[in-house]
>>> print(open('structure.cif').read())   # mmCIF, C-alpha atoms
data_data
loop_
_atom_site.label_atom_id
_atom_site.label_comp_id
_atom_site.auth_asym_id
_atom_site.auth_seq_id
_atom_site.Cartn_x
_atom_site.Cartn_y
_atom_site.Cartn_z
CA MET A 1 14.79 35.38 -38.19
CA THR A 2 12.26 35.41 -35.37
CA PRO A 3 13.79 36.49 -32.06
CA LEU A 4 13.02 34.65 -28.83
CA SER A 5 11.04 37.66 -27.62
CA ALA A 6 8.56 37.17 -30.46
CA ALA A 7 8.68 33.37 -30.60
CA ILE A 8 7.62 32.93 -26.97
CA ASP A 9 4.12 34.31 -26.91
CA PRO A 10 3.11 34.95 -23.26
CA ARG A 11 -0.43 33.87 -24.14
CA LYS A 12 0.48 30.77 -26.15
CA ASN A 13 3.58 28.74 -25.34
CA SER A 14 4.55 25.29 -24.08
CA LEU A 15 6.52 26.30 -20.98
CA ASN A 16 3.86 24.93 -18.62
CA ALA A 17 3.86 21.63 -20.50
CA LEU A 18 7.64 21.48 -20.24
CA ARG A 19 7.48 22.06 -16.50
CA LEU A 20 5.01 19.20 -16.16
CA LEU A 21 7.32 16.92 -18.16
CA LEU A 22 10.29 17.98 -16.03
CA ALA A 23 8.34 17.23 -12.85
CA ALA A 24 7.62 13.76 -14.25
CA ALA A 25 11.32 13.35 -15.02
CA VAL A 26 12.10 13.96 -11.34
CA ILE A 27 9.73 11.10 -10.45
CA VAL A 28 11.59 8.82 -12.88
CA SER A 29 14.95 9.88 -11.46
CA HIS A 30 13.95 9.27 -7.83
CA ALA A 31 12.20 5.94 -8.42
CA PRO A 32 15.14 3.53 -8.03
CA GLN A 33 16.42 5.39 -4.97
CA VAL A 34 13.09 5.44 -3.12
CA ALA A 35 12.47 1.80 -4.04
CA GLY A 36 15.87 0.82 -2.65
CA TRP A 37 17.07 -0.64 -5.93
CA ARG A 38 20.00 1.61 -6.80
CA ASP A 39 21.14 5.22 -6.97
CA PRO A 40 19.06 7.68 -9.05
CA TYR A 41 19.39 7.41 -12.81
CA LYS A 42 22.11 9.63 -14.26
CA TRP A 43 22.94 11.17 -17.64
CA GLY A 44 26.58 12.10 -17.65
CA ASP A 45 27.61 13.69 -14.36
CA LEU A 46 24.08 14.77 -13.45
CA GLU A 47 21.07 12.77 -12.33
CA ILE A 48 18.00 12.88 -14.56
CA GLY A 49 16.31 14.84 -11.78
CA GLY A 50 19.24 17.25 -11.84
CA TRP A 51 18.67 17.88 -15.56
CA ALA A 52 15.00 18.50 -14.80
CA VAL A 53 15.80 20.93 -11.98
CA ALA A 54 18.21 22.74 -14.29
CA GLY A 55 15.42 23.12 -16.84
CA PHE A 56 13.06 24.38 -14.12
CA PHE A 57 15.58 27.01 -13.05
CA ALA A 58 16.21 28.18 -16.62
CA ILE A 59 12.46 28.63 -17.24
CA SER A 60 12.08 30.42 -13.92
CA GLY A 61 15.01 32.69 -14.77
CA TRP A 62 13.25 33.77 -17.96
CA LEU A 63 9.85 34.30 -16.35
CA ILE A 64 10.98 35.85 -13.08
CA THR A 65 13.29 38.31 -14.81
CA GLY A 66 10.36 39.41 -16.96
CA SER A 67 8.23 39.77 -13.85
CA ARG A 68 10.84 41.94 -12.10
CA LEU A 69 11.22 44.19 -15.13
CA ARG A 70 7.47 44.72 -15.09
CA LEU A 71 6.85 45.13 -11.34
CA ASP A 72 8.32 47.14 -8.52
CA MET A 73 10.21 45.24 -5.80
CA ARG A 74 7.35 45.20 -3.31
CA GLN A 75 4.82 43.72 -5.72
CA PHE A 76 7.42 41.38 -7.20
CA LEU A 77 8.34 39.81 -3.85
CA TRP A 78 4.72 39.59 -2.73
CA ASN A 79 3.82 37.76 -5.95
CA ARG A 80 6.61 35.29 -5.33
CA VAL A 81 5.52 34.67 -1.74
CA VAL A 82 1.88 34.19 -2.69
CA ARG A 83 2.81 31.82 -5.49
CA ILE A 84 5.27 29.52 -3.72
CA TYR A 85 4.47 29.44 -0.01
CA PRO A 86 0.77 28.43 0.31
CA GLY A 87 1.20 25.30 -1.81
CA TYR A 88 4.43 24.48 -0.01
CA TRP A 89 2.88 24.87 3.45
CA ALA A 90 -0.07 22.73 2.42
CA ALA A 91 2.28 20.00 1.17
CA LEU A 92 4.12 19.99 4.51
CA ALA A 93 0.82 19.66 6.38
CA VAL A 94 -0.55 16.91 4.10
CA THR A 95 2.69 14.95 4.42
CA ALA A 96 2.78 15.33 8.21
CA PHE A 97 -0.89 14.76 9.02
CA VAL A 98 -2.18 12.59 6.16
CA LEU A 99 0.54 10.64 4.38
CA ALA A 100 2.73 9.91 7.39
CA PRO A 101 -0.17 8.45 9.43
CA MET A 102 -1.28 6.47 6.38
CA SER A 103 2.16 4.90 6.16
CA LEU A 104 1.55 3.08 9.47
CA ALA A 105 -0.74 0.69 7.60
CA PHE A 106 2.29 -0.58 5.66
CA ASP A 107 4.99 -0.27 8.33
CA ALA A 108 4.33 -2.61 11.25
CA GLY A 109 7.10 -1.28 13.49
CA ALA A 110 6.30 2.39 13.03
CA SER A 111 4.26 4.89 15.00
CA TRP A 112 3.22 8.49 14.42
CA ASP A 113 4.09 11.33 16.77
CA PRO A 114 1.74 14.33 16.28
CA VAL A 115 4.21 16.64 18.06
CA SER A 116 6.98 15.65 15.67
CA ALA A 117 4.53 16.08 12.78
CA LEU A 118 3.72 19.60 13.93
CA ARG A 119 7.41 20.36 14.29
CA TYR A 120 7.97 19.07 10.75
CA VAL A 121 5.56 21.68 9.42
CA PHE A 122 6.85 24.63 11.43
CA ALA A 123 10.56 23.76 11.29
CA ASN A 124 10.49 23.64 7.49
CA ALA A 125 8.06 26.52 6.96
CA THR A 126 10.66 29.00 5.67
CA LEU A 127 11.70 26.76 2.70
CA VAL A 128 14.91 25.80 4.54
CA GLU A 129 14.48 22.12 5.27
CA VAL A 130 15.51 21.67 8.90
CA GLN A 131 13.59 18.50 9.81
CA GLN A 132 13.49 15.81 7.14
CA LYS A 133 11.64 13.06 9.00
CA ILE A 134 8.67 12.63 11.31
CA GLN A 135 9.55 10.67 14.41
CA HIS A 136 9.01 6.89 14.30
CA THR A 137 7.89 6.85 10.65
CA LEU A 138 9.69 5.50 7.55
CA LEU A 139 11.17 2.73 9.73
CA GLY A 140 10.42 0.07 7.14
CA ALA A 141 10.90 2.25 4.06
CA PRO A 142 13.61 1.19 1.58
CA TYR A 143 14.80 4.81 1.66
CA ASP A 144 14.34 6.17 5.16
CA ALA A 145 16.31 9.43 5.05
CA THR A 146 13.53 11.92 4.36
CA TRP A 147 9.84 12.29 3.61
CA ASN A 148 10.40 14.71 0.74
CA LEU A 149 13.76 14.86 -1.00
CA SER A 150 12.46 17.30 -3.63
CA LEU A 151 11.94 20.24 -1.26
CA TRP A 152 15.62 21.16 -0.90
CA THR A 153 15.64 23.01 -4.24
CA LEU A 154 12.96 25.50 -3.22
CA MET A 155 15.17 27.62 -0.96
CA TYR A 156 17.62 28.04 -3.84
CA GLU A 157 14.76 28.94 -6.15
CA PHE A 158 13.51 31.63 -3.81
CA ALA A 159 17.05 32.91 -3.25
CA CYS A 160 17.31 33.36 -7.04
CA TYR A 161 14.07 35.36 -6.99
CA VAL A 162 15.49 37.68 -4.36
CA GLY A 163 18.84 37.91 -6.14
CA VAL A 164 17.32 38.95 -9.46
CA GLY A 165 14.93 41.27 -7.66
CA VAL A 166 17.79 43.06 -5.91
CA LEU A 167 20.01 43.14 -9.01
CA LEU A 168 17.32 44.78 -11.11
CA SER A 169 16.59 47.29 -8.36
CA PHE A 170 19.71 49.14 -9.45
CA GLY A 171 18.97 51.51 -12.30
CA TYR A 172 22.22 50.80 -14.11
CA ALA A 173 21.72 47.01 -14.00
CA ARG A 174 18.16 47.48 -15.23
CA ARG A 175 19.19 49.72 -18.12
CA GLU A 176 22.37 47.84 -19.10
CA ARG A 177 21.55 44.23 -19.73
CA TRP A 178 25.21 43.24 -19.92
CA VAL A 179 25.26 43.43 -16.12
CA THR A 180 22.98 40.38 -15.97
CA LEU A 181 25.32 38.62 -18.40
CA ALA A 182 28.31 39.52 -16.21
CA VAL A 183 26.67 38.09 -13.10
CA PHE A 184 25.90 34.90 -15.03
CA ALA A 185 29.54 34.71 -16.14
CA VAL A 186 30.73 34.94 -12.54
CA LEU A 187 28.40 32.15 -11.45
CA ALA A 188 29.33 29.97 -14.43
CA ALA A 189 33.05 30.50 -13.84
CA GLY A 190 32.68 29.72 -10.16
CA THR A 191 30.78 26.52 -10.95
CA ALA A 192 33.54 25.42 -13.34
CA VAL A 193 36.24 26.15 -10.75
CA PHE A 194 34.41 24.12 -8.11
CA GLU A 195 33.97 21.21 -10.52
CA PHE A 196 37.55 21.04 -11.81
CA THR A 197 39.57 21.91 -8.72
CA ASP A 198 39.78 20.66 -5.17
CA ALA A 199 38.38 23.93 -3.85
CA ASP A 200 37.03 23.27 -0.39
CA VAL A 201 33.74 25.16 -0.38
CA PRO A 202 30.55 24.38 1.55
CA GLY A 203 27.96 22.43 -0.40
CA ILE A 204 25.48 25.29 -0.14
CA VAL A 205 27.95 27.58 -1.92
CA ASN A 206 28.64 25.07 -4.67
CA MET A 207 24.93 24.47 -5.22
CA SER A 208 24.13 28.20 -5.12
CA PHE A 209 26.59 28.85 -7.93
CA ARG A 210 25.39 25.93 -10.04
CA LEU A 211 21.64 26.46 -9.69
CA GLY A 212 22.10 30.23 -9.78
CA GLY A 213 23.94 29.76 -13.08
CA PHE A 214 21.03 27.86 -14.62
CA PHE A 215 18.60 30.49 -13.35
CA LEU A 216 20.74 33.36 -14.67
CA ALA A 217 21.03 31.59 -18.03
CA GLY A 218 17.26 32.01 -18.37
CA ALA A 219 17.59 35.61 -17.18
CA VAL A 220 20.27 36.34 -19.79
CA LEU A 221 18.12 34.84 -22.54
CA LYS A 222 15.27 37.07 -21.40
CA ARG A 223 17.38 40.22 -21.36
CA TYR A 224 18.75 39.51 -24.84
CA ALA A 225 15.56 37.95 -26.23
CA ASP A 226 15.23 40.61 -28.92
CA VAL A 227 18.59 39.72 -30.51
CA ILE A 228 18.78 35.96 -29.92
CA PRO A 229 17.00 34.15 -32.76
CA SER A 230 14.64 31.23 -32.23
CA VAL A 231 15.91 28.97 -35.01
CA TRP A 232 16.18 25.22 -35.42
CA TRP A 233 19.87 25.13 -36.16
CA LEU A 234 20.75 26.85 -32.88
CA ALA A 235 18.55 24.32 -31.08
CA VAL A 236 20.40 21.51 -32.87
CA ALA A 237 23.73 23.11 -31.95
CA ALA A 238 22.66 23.40 -28.31
CA THR A 239 21.62 19.74 -28.35
CA ALA A 240 24.98 18.74 -29.82
CA VAL A 241 26.83 20.71 -27.16
CA LEU A 242 24.77 19.04 -24.44
CA GLY A 243 25.62 15.68 -25.99
CA VAL A 244 29.33 16.45 -25.75
CA LEU A 245 28.93 17.63 -22.17
CA TRP A 246 27.03 14.43 -21.35
CA ALA A 247 29.76 12.26 -22.91
CA THR A 248 32.54 14.13 -21.12
CA GLU A 249 30.63 14.41 -17.81
CA THR A 250 30.91 18.19 -17.72
CA VAL A 251 27.19 19.01 -17.68
CA LYS A 252 27.30 20.69 -14.26
CA ALA A 253 30.08 23.02 -15.35
CA PHE A 254 28.98 24.15 -18.81
CA ALA A 255 25.39 23.20 -19.62
CA ALA A 256 23.56 26.32 -18.38
CA LEU A 257 23.31 28.36 -21.58
CA PRO A 258 22.81 25.53 -24.12
CA LEU A 259 20.22 23.86 -21.87
CA GLY A 260 18.52 27.20 -21.26
CA TYR A 261 18.35 27.97 -24.98
CA LEU A 262 17.05 24.52 -25.90
CA THR A 263 14.40 24.72 -23.18
CA MET A 264 13.16 28.12 -24.33
CA TYR A 265 13.22 27.06 -27.99
CA LEU A 266 11.06 24.04 -27.18
CA GLY A 267 8.79 26.23 -25.09
CA ALA A 268 8.23 28.39 -28.15
CA ARG A 269 7.95 25.67 -30.79
CA LEU A 270 6.27 22.62 -29.26
CA PRO A 271 2.52 22.40 -29.99
CA LEU A 272 1.64 21.85 -26.33
CA ASP A 273 0.42 25.34 -25.49
CA LYS A 274 -2.96 24.13 -24.21
CA VAL A 275 -1.34 22.00 -21.48
CA GLY A 276 -1.51 23.92 -18.22
CA ARG A 277 -2.64 27.15 -19.85
CA ARG A 278 -5.44 27.65 -17.34
CA ASN A 279 -4.61 25.10 -14.66
CA ASP A 280 -0.95 24.34 -14.05
CA ILE A 281 -0.39 21.35 -11.76
CA SER A 282 3.38 21.07 -12.30
CA TYR A 283 4.27 22.62 -8.94
CA GLY A 284 1.91 20.24 -7.15
CA VAL A 285 3.40 17.26 -8.99
CA TYR A 286 6.85 18.33 -7.88
CA ILE A 287 6.10 18.85 -4.19
CA TYR A 288 3.85 15.80 -3.68
CA ALA A 289 5.56 13.14 -5.80
CA PHE A 290 8.30 12.11 -3.41
CA PRO A 291 6.18 11.50 -0.28
CA LEU A 292 3.73 9.54 -2.45
CA GLN A 293 6.65 7.51 -3.81
CA GLN A 294 7.60 6.76 -0.21
CA LEU A 295 4.08 5.65 0.64
CA LEU A 296 3.78 3.49 -2.47
CA ALA A 297 7.16 1.87 -1.82
CA MET A 298 6.07 0.88 1.68
CA ALA A 299 2.75 -0.36 0.28
CA GLY A 300 4.60 -2.76 -2.01
CA ALA A 301 4.20 -1.00 -5.37
CA THR A 302 7.89 -1.65 -6.10
CA ALA A 303 6.89 -5.28 -6.79
CA TRP A 304 5.34 -4.04 -10.04
CA GLY A 305 8.77 -3.23 -11.43
CA VAL A 306 10.23 0.14 -12.33
CA VAL A 307 7.64 0.95 -15.00
CA GLY A 308 4.71 -0.06 -12.84
CA TYR A 309 6.08 1.81 -9.83
CA ILE A 310 6.60 5.01 -11.82
CA ALA A 311 3.17 4.68 -13.43
CA ALA A 312 1.57 4.20 -10.00
CA THR A 313 3.28 7.34 -8.75
CA LEU A 314 2.09 9.37 -11.73
CA VAL A 315 -1.48 8.17 -11.23
CA ALA A 316 -1.36 8.86 -7.48
CA VAL A 317 0.18 12.32 -7.72
CA VAL A 318 -2.29 13.84 -10.19
CA PRO A 319 -5.22 14.12 -7.70
CA PHE A 320 -2.93 15.66 -5.08
CA ALA A 321 -1.44 18.11 -7.58
CA ALA A 322 -4.89 19.05 -8.86
CA ALA A 323 -6.15 19.58 -5.31
CA SER A 324 -3.08 21.71 -4.60
CA TRP A 325 -3.86 23.91 -7.59
CA PHE A 326 -7.62 24.26 -7.21
CA LEU A 327 -7.82 24.38 -3.41
CA VAL A 328 -4.61 26.20 -2.45
CA GLU A 329 -2.49 27.72 -5.22
CA LYS A 330 -5.18 29.22 -7.42
CA PRO A 331 -7.18 30.71 -4.51
CA ALA A 332 -3.95 32.16 -3.08
CA LEU A 333 -3.31 34.02 -6.33
CA ARG A 334 -6.40 36.14 -5.63
CA PHE A 335 -4.34 37.90 -2.97
CA LYS A 336 -1.59 39.04 -5.36
CA ASP A 337 -2.98 42.57 -5.56
CA LEU A 338 -2.48 43.08 -1.81
CA GLY A 339 1.15 43.81 -2.59
CA ARG A 340 0.28 46.78 -4.76
CA ARG A 341 1.10 50.28 -3.59
CA GLY A 342 0.66 53.49 -5.54
CA THR A 343 1.90 52.76 -9.02
CA ALA A 344 3.08 49.25 -8.25
CA GLY A 345 2.28 46.84 -11.03
CA ARG A 346 2.98 49.40 -13.78
CA PRO A 347 6.30 49.02 -15.58
CA ALA A 348 9.06 50.35 -13.35
CA VAL A 349 11.01 51.50 -16.39
CA PRO A 350 9.99 52.47 -19.90
CA PRO A 351 9.45 49.52 -22.24
CA GLN A 352 12.70 48.27 -23.75
CA ALA A 353 13.76 45.67 -26.25
CA GLY A 354 12.99 42.23 -24.93
CA ALA A 355 10.93 43.54 -22.01
CA PRO A 356 7.86 41.48 -21.05
CA SER A 357 4.32 42.24 -21.89
CA PRO A 358 1.73 42.41 -19.09
CA ALA A 359 0.58 38.94 -20.05
CA ASP A 360 3.86 37.51 -18.74
CA VAL A 361 2.27 37.54 -15.31
CA THR A 362 0.12 34.58 -16.31
CA MET A 363 3.22 32.41 -16.66
CA GLU A 364 4.84 33.23 -13.33
CA ILE A 365 4.78 29.72 -11.89
CA PRO A 366 7.88 28.61 -9.92
CA VAL A 367 9.14 25.23 -9.60
CA ALA A 368 11.61 24.76 -9.24
CA ARG A 369 11.19 24.11 -10.60
CA PRO A 370 13.12 21.81 -9.94
#
>>> encode(input="structure.cif", output="structure tokens")
Amino acid sequence: MTPLSAAIDPRKNSLNALRLLLAAAVIVSHAPQVAGWRDPYKWGDLEIGGWAVAGFFAISGWLITGSRLRLDMRQFLWNRVVRIYPGYWAALAVTAFVLAPMSLAFDAGASWDPVSALRYVFANATLVEVQQKIQHTLLGAPYDATWNLSLWTLMYEFACYVGVGVLLSFGYARRERWVTLAVFAVLAAGTAVFEFTDADVPGIVNMSFRLGGFFLAGAVLKRYADVIPSVWWLAVAATAVLGVLWATETVKAFAALPLGYLTMYLGARLPLDKVGRRNDISYGVYIYAFPLQQLLAMAGATAWGVVGYIAATLVAVVPFAAASWFLVEKPALRFKDLGRRGTAGRPAVPPQAGAPSPADVTMEIPVARP
């Protein structure tokens, strides 16, 4: 049987295509909420967007763990910063200084405050979303709570990067892959406890355990990729388990490993390897979709019905996502080597079973995503 480590070819896989599909699923999930029709669509106890974010985190767990095994901590963190922050900062600026002013054309009672717009960019610059609105905008929007509901996941994504980076800085944890499994077990157990008890924990703790569990599921699959087979019957079994979890509304508590396995299996087996191989716009789709949904809702696109509204969003977001990739994200990647020092970039430990090849670096795209 072919192990996952061999099935997922770093140079030819469908993970980028999956991330693009997951980003589109987030658009579908948010549509009724932004349009003011109803709450987001749900499957079981998790919104469709929540399923998509879980898939993002599992893929990131696989890729980021491979990156950390290959790079020293300095280069690893610099790569993560270069990959996630420039596109994110650009999205904040475009929302504040382009989309928000444009919304005035469809919102008669609104006005745009450039000082509040500038604060929006700088207050949220660290990935922690402090300011959700720009003063005197979204007044006539069906959903007026925030300009970009999708951004909240990014701080958890980056926290997972740091967590895995620190964990694999310890020689024992790097050599003994069961340590990664143990950390996943703690997060999974904590998530289950929070879901099935009245434990009074802050929302940030609950979400850290849940999203961290999905991320670590991908990390565990990566660490054990040489012994976990990529076979259809395991994918069917994972799908069946997810079906039971959906029916019993226990997805949040128990879906991490079966969803992670199914995602990685599809990434290896789907014939979509040419999608996003050279130009991956999935991150741009994720960070621009929600503010464009807001703008379209105010412009009256909701009158076209749910299908028309979603289709309009997909059409509108592609140019923004492409511009994000070609004008911001891809140029920023040229600065990745600035984080190198001495032998940085060479494997920090001798090659081991399931360790990534150098080509894994080409797939290090976060999402988050998410």
>>> residues_around(input="structure.cif", residues="A:Thr153", least_positions_apart="2", cutoff="12 Å", atoms="only C-alpha atoms", output="PyMOL selection string")
chain A and resi 49-50+52-54+56-57+127-129+148-151+155-160+204+207-208+210-212+286-287+366-370
>>> closest_residue(input="structure.cif", among="A:Ala96, A:Ala268, A:Leu138, A:Ala332", to="A:Val231", atoms="all atoms listed in the file")
A:Ala268
>>> closest_residue(input="structure.cif", among="A:Asn206, A:Arg278, A:Gln33, A:Gly44", to="A:Val244", atoms="only C-alpha atoms")
A:Gly44
>>> residues_around(input="structure.cif", residues="A:Thr302", least_positions_apart="3", cutoff="12 Å", atoms="only C-alpha atoms", output="list in words")
Ala31, Pro32, Gln33, Val34, Ala35, Gly36, Trp37, Ala141, Pro142, Gln293, Gln294, Leu295, Leu296, Ala297, Met298, Ala299, Gly305, Val306, Val307, Gly308, Tyr309, Ile310, Ala311, Ala312 and Thr313 of chain A
>>> atom_distance(input="structure.cif", atom1="atom CA of A:Glu249", atom2="atom CA of A:Asp45")
4.6 Å
>>> closest_residue(input="structure.cif", among="A:Ala23, A:Met73, A:Leu4, A:Ala125", to="A:Phe170", atoms="all atoms listed in the file")
A:Met73
>>> residues_around(input="structure.cif", residues="A:Leu262", least_positions_apart="5", cutoff="12 Å", atoms="all atoms listed in the file", output="PyMOL selection string")
chain A and resi 4+15+18+54-55+58-59+217-218+221+229-242+255-257+267-270
>>> residues_around(input="structure.cif", residues="A:Tyr224", least_positions_apart="2", cutoff="9 Å", atoms="all atoms listed in the file", output="list of chain:residue names")
A:Leu4, A:Ser5, A:Arg177, A:Trp178, A:Ala219, A:Val220, A:Leu221, A:Lys222, A:Asp226, A:Val227, A:Ile228, A:Ala353, A:Gly354
>>> resolve_selection(input="structure.cif", expression="the PyMOL selection byres ((chain A and resi 165) around 10)", output="JSON, numbers by chain")
{"A": [64, 65, 67, 68, 69, 71, 72, 73, 74, 76, 77, 159, 160, 161, 162, 163, 164, 166, 167, 168, 169, 170]}
>>> residues_around(input="structure.cif", residues="A:Ile48", least_positions_apart="2", cutoff="8 Å", atoms="all atoms listed in the file", output="number ranges by chain")
A: 25-26, 28-29, 40-43, 46, 50-52
>>> atom_distance(input="structure.cif", atom1="atom CA of A:Arg38", atom2="atom CA of A:Tyr143")
10.4 Å
>>> residues_near_point(input="structure.cif", point="(-2.2, 12.3, 12.3)", cutoff="12 Å", atoms="all atoms listed in the file", output="PyMOL selection string")
chain A and resi 93-104+111-118+134+137
>>> atom_distance(input="structure.cif", atom1="atom CA of A:Val285", atom2="atom CA of A:Val317")
6.0 Å
>>> closest_residue(input="structure.cif", among="A:Met264, A:Leu63, A:Leu259, A:Val121", to="A:Tyr88", atoms="all atoms listed in the file")
A:Val121
